[in-house]
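Chemist: Contents of model.tsv (TSV, C-alpha atoms) are below:
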```tsv
chain	number	residue	atom	x	y	z
A	1	MET	CA	222.49	147.08	9.07
A	2	LYS	CA	224.43	144.21	10.57
A	3	ASP	CA	224.11	145.68	14.05
A	4	VAL	CA	220.36	146.17	13.66
A	5	SER	CA	219.95	142.62	12.39
A	6	ALA	CA	222.04	141.21	15.25
A	7	ARG	CA	220.15	143.18	17.90
A	8	MET	CA	216.58	143.10	16.55
A	9	GLY	CA	216.48	140.06	14.29
A	10	SER	CA	214.65	139.89	10.99
A	11	PRO	CA	212.26	142.80	10.36
A	12	ARG	CA	208.52	142.25	10.10
A	13	SER	CA	208.52	144.13	6.80
A	14	VAL	CA	210.98	145.78	4.46
A	15	TRP	CA	209.94	148.62	2.18
A	16	PHE	CA	211.44	151.50	0.24
A	17	ASP	CA	210.32	155.11	0.60
A	18	ASP	CA	209.97	157.70	-2.16
A	19	GLN	CA	213.67	158.56	-1.83
A	20	GLY	CA	214.58	154.92	-2.39
A	21	ARG	CA	215.77	154.48	1.20
A	22	GLU	CA	215.38	151.03	2.69
A	23	ASN	CA	213.16	150.81	5.78
A	24	TRP	CA	212.89	147.92	8.20
A	25	ASP	CA	209.79	147.83	10.37
A	26	TYR	CA	209.69	145.89	13.60
A	27	SER	CA	206.06	145.62	14.55
A	28	GLY	CA	206.48	142.47	16.56
A	29	ASN	CA	203.86	139.78	16.74
A	30	PRO	CA	200.11	140.41	17.07
A	31	ALA	CA	200.51	140.72	20.83
A	32	SER	CA	203.25	143.34	20.61
A	33	TYR	CA	202.64	146.78	22.05
A	34	SER	CA	205.55	148.53	20.39
A	35	GLY	CA	206.98	149.09	16.95
A	36	TYR	CA	210.25	150.46	15.63
A	37	ARG	CA	211.52	151.57	12.23
A	38	ALA	CA	215.10	151.68	10.96
A	39	THR	CA	215.73	153.83	7.89
A	40	PHE	CA	219.02	153.13	6.12
A	41	ASP	CA	221.06	155.36	3.85
A	42	GLU	CA	222.56	154.14	0.59
A	43	THR	CA	225.55	152.61	2.40
A	44	GLY	CA	223.34	150.50	4.65
A	45	THR	CA	223.98	152.66	7.71
A	46	VAL	CA	221.09	153.69	9.97
A	47	ALA	CA	220.01	157.19	8.99
A	48	ARG	CA	217.08	157.22	11.38
A	49	TRP	CA	215.77	154.99	14.15
A	50	ARG	CA	212.43	155.73	15.68
A	51	GLU	CA	209.57	154.32	17.65
A	52	LEU	CA	206.29	153.93	15.82
A	53	ARG	CA	202.79	154.85	16.97
A	54	THR	CA	203.83	157.68	19.26
A	55	ASP	CA	201.43	160.53	20.05
A	56	ARG	CA	203.27	162.60	17.46
A	57	ASP	CA	202.61	159.94	14.79
A	58	VAL	CA	198.93	159.86	15.67
A	59	SER	CA	198.72	163.67	15.68
A	60	SER	CA	200.27	163.82	12.22
A	61	LEU	CA	197.20	162.12	10.76
A	62	VAL	CA	194.29	164.29	9.66
A	63	ALA	CA	190.79	162.87	9.23
A	64	GLY	CA	189.39	163.61	5.80
A	65	LYS	CA	192.84	164.30	4.39
A	66	SER	CA	195.34	161.56	5.29
A	67	THR	CA	195.29	158.47	3.09
A	68	THR	CA	195.72	154.81	3.95
A	69	ARG	CA	199.27	155.14	2.71
A	70	ASP	CA	199.87	158.01	5.16
A	71	VAL	CA	198.54	155.80	7.96
A	72	HIS	CA	200.89	153.02	6.91
A	73	MET	CA	203.83	155.42	6.80
A	74	ALA	CA	203.05	156.90	10.23
A	75	LEU	CA	201.96	153.84	12.19
A	76	GLY	CA	203.39	150.85	10.35
A	77	GLU	CA	201.78	147.51	9.57
A	78	PRO	CA	198.65	146.84	11.63
A	79	ASN	CA	198.44	143.93	14.07
A	80	GLU	CA	194.83	143.36	13.03
A	81	LEU	CA	192.68	144.36	10.11
A	82	PHE	CA	188.89	144.15	10.08
A	83	PHE	CA	185.89	145.69	8.38
A	84	VAL	CA	182.85	147.45	9.80
A	85	ARG	CA	180.11	148.31	7.30
A	86	GLY	CA	182.59	147.69	4.51
A	87	GLU	CA	185.10	150.18	5.87
A	88	PRO	CA	188.63	148.97	6.65
A	89	HIS	CA	189.83	149.38	10.22
A	90	TRP	CA	193.48	148.87	11.13
A	91	ARG	CA	194.30	148.05	14.74
A	92	TRP	CA	197.47	148.12	16.81
A	93	ARG	CA	198.17	147.51	20.47
A	94	THR	CA	199.73	150.42	22.32
A	95	TYR	CA	200.24	151.78	25.79
A	96	PHE	CA	198.50	155.05	26.59
A	97	ASN	CA	198.70	156.63	30.03
A	98	THR	CA	200.44	153.44	31.19
A	99	ARG	CA	197.37	151.34	30.26
A	100	PRO	CA	197.16	148.91	27.33
A	101	HIS	CA	194.98	150.25	24.54
A	102	TYR	CA	193.87	149.39	21.04
A	103	LEU	CA	194.68	152.11	18.56
A	104	VAL	CA	192.23	151.92	15.65
A	105	ALA	CA	192.37	153.82	12.35
A	106	GLN	CA	189.06	153.88	10.50
A	107	MET	CA	189.37	154.36	6.73
A	108	GLY	CA	186.59	155.15	4.32
A	109	GLN	CA	185.98	153.02	1.26
A	110	ASP	CA	187.74	155.77	-0.73
A	111	GLY	CA	190.94	155.08	1.22
A	112	VAL	CA	190.82	158.36	3.16
A	113	LEU	CA	191.17	158.33	6.95
A	114	LYS	CA	187.89	158.93	8.77
A	115	SER	CA	189.01	158.76	12.39
A	116	VAL	CA	191.58	157.44	14.84
A	117	MET	CA	190.32	156.01	18.12
A	118	ARG	CA	191.70	154.46	21.27
A	119	PHE	CA	189.98	151.74	23.24
A	120	THR	CA	191.08	150.29	26.52
A	121	ILE	CA	191.85	146.61	26.04
A	122	ASP	CA	190.01	145.60	29.19
A	123	GLY	CA	186.74	146.54	27.50
A	124	GLY	CA	186.39	149.97	29.03
A	125	SER	CA	185.63	153.21	27.27
A	126	GLY	CA	186.93	154.39	23.94
A	127	HIS	CA	187.37	157.81	22.47
A	128	GLY	CA	188.17	159.48	19.18
A	129	LEU	CA	191.37	161.46	18.74
B	1	MET	CA	176.72	154.62	28.02
B	2	ASP	CA	173.20	153.26	27.51
B	3	SER	CA	170.84	153.19	24.55
B	4	ASP	CA	169.49	156.62	25.45
B	5	ASP	CA	172.95	158.12	25.02
B	6	SER	CA	173.19	156.52	21.56
B	7	ALA	CA	169.87	158.08	20.63
B	8	ARG	CA	171.02	161.55	21.70
B	9	PHE	CA	174.46	161.25	20.18
B	10	PRO	CA	174.16	159.40	16.83
B	11	GLY	CA	177.93	159.42	16.36
B	12	MET	CA	178.23	157.19	19.40
B	13	ARG	CA	176.39	154.40	17.57
B	14	LEU	CA	179.18	154.11	15.02
B	15	HIS	CA	181.73	154.37	17.80
B	16	LYS	CA	180.06	151.47	19.58
B	17	SER	CA	180.03	149.48	16.32
B	18	VAL	CA	183.77	149.97	15.95
B	19	ALA	CA	184.33	149.03	19.58
B	20	GLU	CA	182.29	145.90	18.98
B	21	GLY	CA	184.34	145.17	15.83
B	22	VAL	CA	187.56	145.55	17.81
B	23	ARG	CA	186.36	143.12	20.44
B	24	GLN	CA	185.02	140.64	17.92
B	25	ALA	CA	188.33	140.66	16.02
B	26	ALA	CA	190.22	140.09	19.25
B	27	ALA	CA	187.86	137.30	20.28
B	28	PHE	CA	188.16	135.64	16.85
B	29	ALA	CA	191.96	135.81	16.95
B	30	LEU	CA	191.98	134.30	20.44
B	31	LEU	CA	189.56	131.54	19.43
B	32	ALA	CA	191.55	130.76	16.29
B	33	ALA	CA	194.77	130.59	18.30
B	34	LEU	CA	193.19	128.29	20.88
B	35	LEU	CA	191.65	125.97	18.33
B	36	GLY	CA	194.50	126.08	15.87
B	37	ALA	CA	191.94	127.08	13.29
B	38	GLU	CA	192.89	128.82	10.09
B	39	PRO	CA	190.83	130.57	7.44
B	40	SER	CA	190.63	128.93	4.03
B	41	TRP	CA	193.81	130.67	2.79
B	42	ALA	CA	192.64	130.50	-0.80
B	43	VAL	CA	194.72	133.42	-2.02
B	44	ASP	CA	195.43	131.79	-5.36
B	45	GLU	CA	191.69	131.47	-5.98
B	46	VAL	CA	190.83	135.13	-5.40
B	47	ALA	CA	189.16	136.50	-8.52
B	48	PRO	CA	189.43	140.06	-9.83
B	49	GLY	CA	186.57	142.18	-8.50
B	50	THR	CA	186.58	140.51	-5.06
B	51	ALA	CA	186.03	143.05	-2.28
B	52	MET	CA	188.86	143.76	0.14
B	53	ALA	CA	186.68	142.70	3.08
B	54	SER	CA	186.04	139.31	1.41
B	55	VAL	CA	189.77	138.80	0.91
B	56	ARG	CA	190.38	139.56	4.57
B	57	PHE	CA	187.67	137.08	5.55
B	58	SER	CA	188.81	134.25	3.27
B	59	SER	CA	192.58	134.68	3.32
B	60	GLY	CA	193.41	136.33	6.63
B	61	ILE	CA	195.66	139.28	7.38
B	62	PRO	CA	198.24	139.90	4.65
B	63	ASP	CA	201.91	139.39	5.43
B	64	ALA	CA	202.69	142.81	3.99
B	65	ILE	CA	200.73	145.85	2.80
B	66	ARG	CA	202.30	147.93	0.06
B	67	PHE	CA	201.46	151.03	-1.95
B	68	ASP	CA	202.52	151.97	-5.45
B	69	SER	CA	203.48	155.51	-6.47
B	70	ALA	CA	199.82	156.28	-7.22
B	71	GLY	CA	198.81	155.23	-3.70
B	72	ARG	CA	197.09	152.03	-4.81
B	73	GLN	CA	197.13	149.35	-2.16
B	74	ALA	CA	198.48	145.81	-2.57
B	75	TRP	CA	198.38	142.93	-0.11
B	76	GLU	CA	201.05	140.27	-0.14
B	77	TYR	CA	200.54	136.74	1.14
B	78	THR	CA	203.94	135.19	1.34
B	79	GLY	CA	203.80	132.85	4.31
B	80	ARG	CA	201.31	130.30	5.55
B	81	GLY	CA	198.52	132.20	3.83
B	82	ALA	CA	199.88	131.09	0.48
B	83	PRO	CA	200.69	127.38	0.60
B	84	SER	CA	200.59	127.20	-3.19
B	85	GLY	CA	203.03	130.08	-3.51
B	86	ALA	CA	203.41	133.77	-2.71
B	87	TYR	CA	200.82	136.13	-4.13
B	88	ARG	CA	200.30	139.88	-4.41
B	89	LEU	CA	196.75	141.16	-4.68
B	90	THR	CA	196.43	144.68	-6.06
B	91	PHE	CA	193.30	146.71	-5.36
B	92	ASP	CA	191.59	149.38	-7.42
B	93	ALA	CA	190.38	152.72	-6.07
B	94	LYS	CA	187.10	151.12	-4.97
B	95	GLY	CA	188.86	148.47	-2.90
B	96	ALA	CA	188.21	145.56	-5.25
B	97	VAL	CA	190.92	143.14	-6.39
B	98	SER	CA	192.25	144.25	-9.74
B	99	GLU	CA	194.93	141.60	-10.14
B	100	ALA	CA	196.28	138.50	-8.36
B	101	ILE	CA	199.97	138.22	-9.19
B	102	PRO	CA	201.87	135.01	-8.40
B	103	LEU	CA	205.30	135.92	-7.08
B	104	ARG	CA	208.49	133.82	-7.10
B	105	THR	CA	207.58	132.12	-10.36
B	106	PRO	CA	210.43	130.92	-12.62
B	107	GLU	CA	209.70	133.87	-14.94
B	108	ARG	CA	210.00	136.45	-12.17
B	109	LEU	CA	213.07	134.76	-10.68
B	110	ALA	CA	214.73	134.84	-14.09
B	111	ARG	CA	214.44	138.64	-14.04
B	112	VAL	CA	216.70	138.85	-10.97
B	113	ARG	CA	220.16	139.72	-12.31
B	114	THR	CA	223.40	139.47	-10.37
B	115	GLY	CA	225.13	142.84	-10.19
B	116	GLU	CA	222.09	144.67	-11.50
B	117	THR	CA	218.89	144.07	-9.53
B	118	THR	CA	218.40	146.41	-6.55
B	119	GLY	CA	216.52	145.83	-3.31
B	120	VAL	CA	213.60	147.91	-4.59
B	121	GLU	CA	213.35	145.72	-7.68
B	122	LEU	CA	213.72	142.57	-5.61
B	123	VAL	CA	210.72	143.48	-3.45
B	124	GLU	CA	208.74	144.39	-6.55
B	125	LEU	CA	209.57	141.05	-8.21
B	126	LEU	CA	209.49	138.60	-5.30
B	127	GLY	CA	207.57	140.41	-2.56
B	128	GLU	CA	208.23	140.47	1.14
B	129	PRO	CA	211.22	138.29	2.11
B	130	GLY	CA	210.52	135.65	4.72
B	131	ARG	CA	213.68	136.44	6.63
B	132	ILE	CA	216.61	138.84	6.45
B	133	THR	CA	219.94	138.20	8.10
B	134	VAL	CA	223.12	140.20	7.68
B	135	THR	CA	226.44	138.43	7.42
B	136	GLU	CA	229.96	139.47	6.45
B	137	ALA	CA	229.00	138.66	2.86
B	138	GLY	CA	226.08	141.09	2.91
B	139	ALA	CA	222.35	141.12	3.60
B	140	VAL	CA	220.85	137.68	2.96
B	141	TRP	CA	217.18	137.69	1.96
B	142	LEU	CA	215.33	134.38	2.09
B	143	PHE	CA	212.21	133.93	-0.05
B	144	PRO	CA	210.22	130.76	0.77
B	145	ARG	CA	208.53	129.06	-2.15
B	146	ALA	CA	205.80	126.46	-2.46
B	147	GLY	CA	206.94	122.95	-1.66
B	148	GLY	CA	209.32	123.97	1.09
B	149	LYS	CA	211.99	125.35	-1.23
B	150	SER	CA	213.55	128.78	-0.75
B	151	VAL	CA	215.42	131.23	-2.89
B	152	VAL	CA	218.35	132.89	-1.11
B	153	VAL	CA	219.52	136.26	-2.38
B	154	THR	CA	222.57	138.11	-1.07
B	155	LEU	CA	222.79	141.88	-1.52
B	156	GLY	CA	226.28	143.36	-1.70
B	157	ALA	CA	227.60	146.62	-0.32
B	158	ASP	CA	226.35	148.40	-3.44
B	159	ARG	CA	222.82	147.25	-2.48
B	160	ARG	CA	222.56	145.14	-5.62
B	161	VAL	CA	222.15	141.39	-5.93
B	162	LYS	CA	225.50	139.72	-5.33
B	163	SER	CA	224.41	136.09	-5.48
B	164	LEU	CA	221.30	134.02	-5.98
B	165	SER	CA	220.72	130.37	-5.03
B	166	GLY	CA	217.87	127.91	-4.72
B	167	PHE	CA	216.85	128.69	-8.28
B	168	ASP	CA	215.27	125.80	-10.26
```
Starting from the file, lay out its structure as structure tokens.
Modeler:
Amino acid sequence: MKDVSARMGSPRSVWFDDQGRENWDYSGNPASYSGYRATFDETGTVARWRELRTDRDVSSLVAGKSTTRDVHMALGEPNELFFVRGEPHWRWRTYFNTRPHYLVAQMGQDGVLKSVMRFTIDGGSGHGL
Amino acid sequence: MDSDDSARFPGMRLHKSVAEGVRQAAAFALLAALLGAEPSWAVDEVAPGTAMASVRFSSGIPDAIRFDSAGRQAWEYTGRGAPSGAYRLTFDAKGAVSEAIPLRTPERLARVRTGETTGVELVELLGEPGRITVTEAGAVWLFPRAGGKSVVVTLGADRRVKSLSGFD
């Protein structure tokens, strides 16, 4: 824990999973394109260190089944949060195919994921995943 | 894509709406940053029944998003969004505020017990810490309070509260 703190600084958020393990999320500032998560065991030693918002994380989400909590677990805290027609949308900045993109998770008002989309930040095309 | 495409593919209309929302949010954030503008930040005035979208509009992005064991969402405002103190807003299944809980009150701080309280309980009681540093003494969690004061909690190797300072 001391090494993580010395190298990465204070985490953006600290939370505890269902097993009671402490997690530190580094989602950076709103302009950050990357995120990391340290999961500690009961002795405060890193049990797992991983990058957030990878293709695998996105693929683990299922429209119509995954909940907002699942999205939070898989992708971390959003950089931006807005509403379209009353539906919450969480947005992160990511790189995809070496180009900067917005990754957007669209949730229904029932808290179930409706879709995940990517948009190029330069205003180009977007597509659902 | 032009309007004819939207007519042939209705799903594209929603997609374009979301794209527009993304761009508007980005433009608003940029404008706010340039102008130094801030939303009203009236977290302590949010009434039960307020829609999640209204909270986002009036109070900005939460400092932390949490979920209880039943999957209910809670937003915490613990930084500049809560000048009168840290707050947790819990939402019901329909996305309306069910409760606005002031955190870091004397009553909640009094429930933090040296040698007993765990990190899980600390987050539940006081919300997201403003800063965490790790020293030889343990993990030091700093909780800012209204009026520029802070409560400093040190967690020992057993992951329980070892010391507490800044308490009124």
Chemist: Check the smallest atom-to-atom distance from each of B:Val43, B:Gly71, B:Asp63, B:Leu89 to Asp18 in chain A using all atoms listed in the file, then report the winner.
Modeler: B:Gly71
Chemist: Can you pull out the residues contacting range 117-123 of chain B? Cut-off 7 Å, using all atoms listed in the file, and skip same-chain residues under 2 positions away; I want them as number ranges by chain.
Modeler: A: 16; B: 112-115, 125-128, 159-161
Chemist: What's around range 101-114 of chain A at 7 Å? Count all atoms listed in the file, leave out sequence neighbours fewer than 3 positions away in its own chain, and write the answer as a PyMOL selection string.
Modeler: (chain A and resi 63-68+87-96+117-121) or (chain B and resi 93-95)
Chemist: I need the chain A residues near chain B as a PyMOL selection string; criterion: at most 8 Å, counting all atoms listed in the file.
Modeler: chain A and resi 1-2+5-6+9-11+13-16+20+42-44+69+77+80-84+86+88+91+109-111+119+123+126
Chemist: Find the distance between CA of Ser60 in chain A and CA of Ala74 in chain A and write it in Å to one decimal.
Modeler: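 We find that CA of Ser60 in chain A and CA of Ala74 in chain A lie 7.7 Å from each other.
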Chemist: One decimal, Å: what's the distance from CA of Trp24 in chain A over to CA of Thr154 in chain B, could you say?
Modeler: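 Taking CA of Trp24 in chain A and CA of Thr154 in chain B, their separation equals 16.6 Å.
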Chemist: Choose the residue, out of A:Glu51, A:Asp70, A:Asp41, A:Asp57, that has the smallest atom-to-atom separation from Ser27 in chain A; count all atoms listed in the file.
Modeler: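 Ranking A:Glu51, A:Asp70, A:Asp41, A:Asp57 by distance to Ser27 in chain A, first place goes to A:Glu51.
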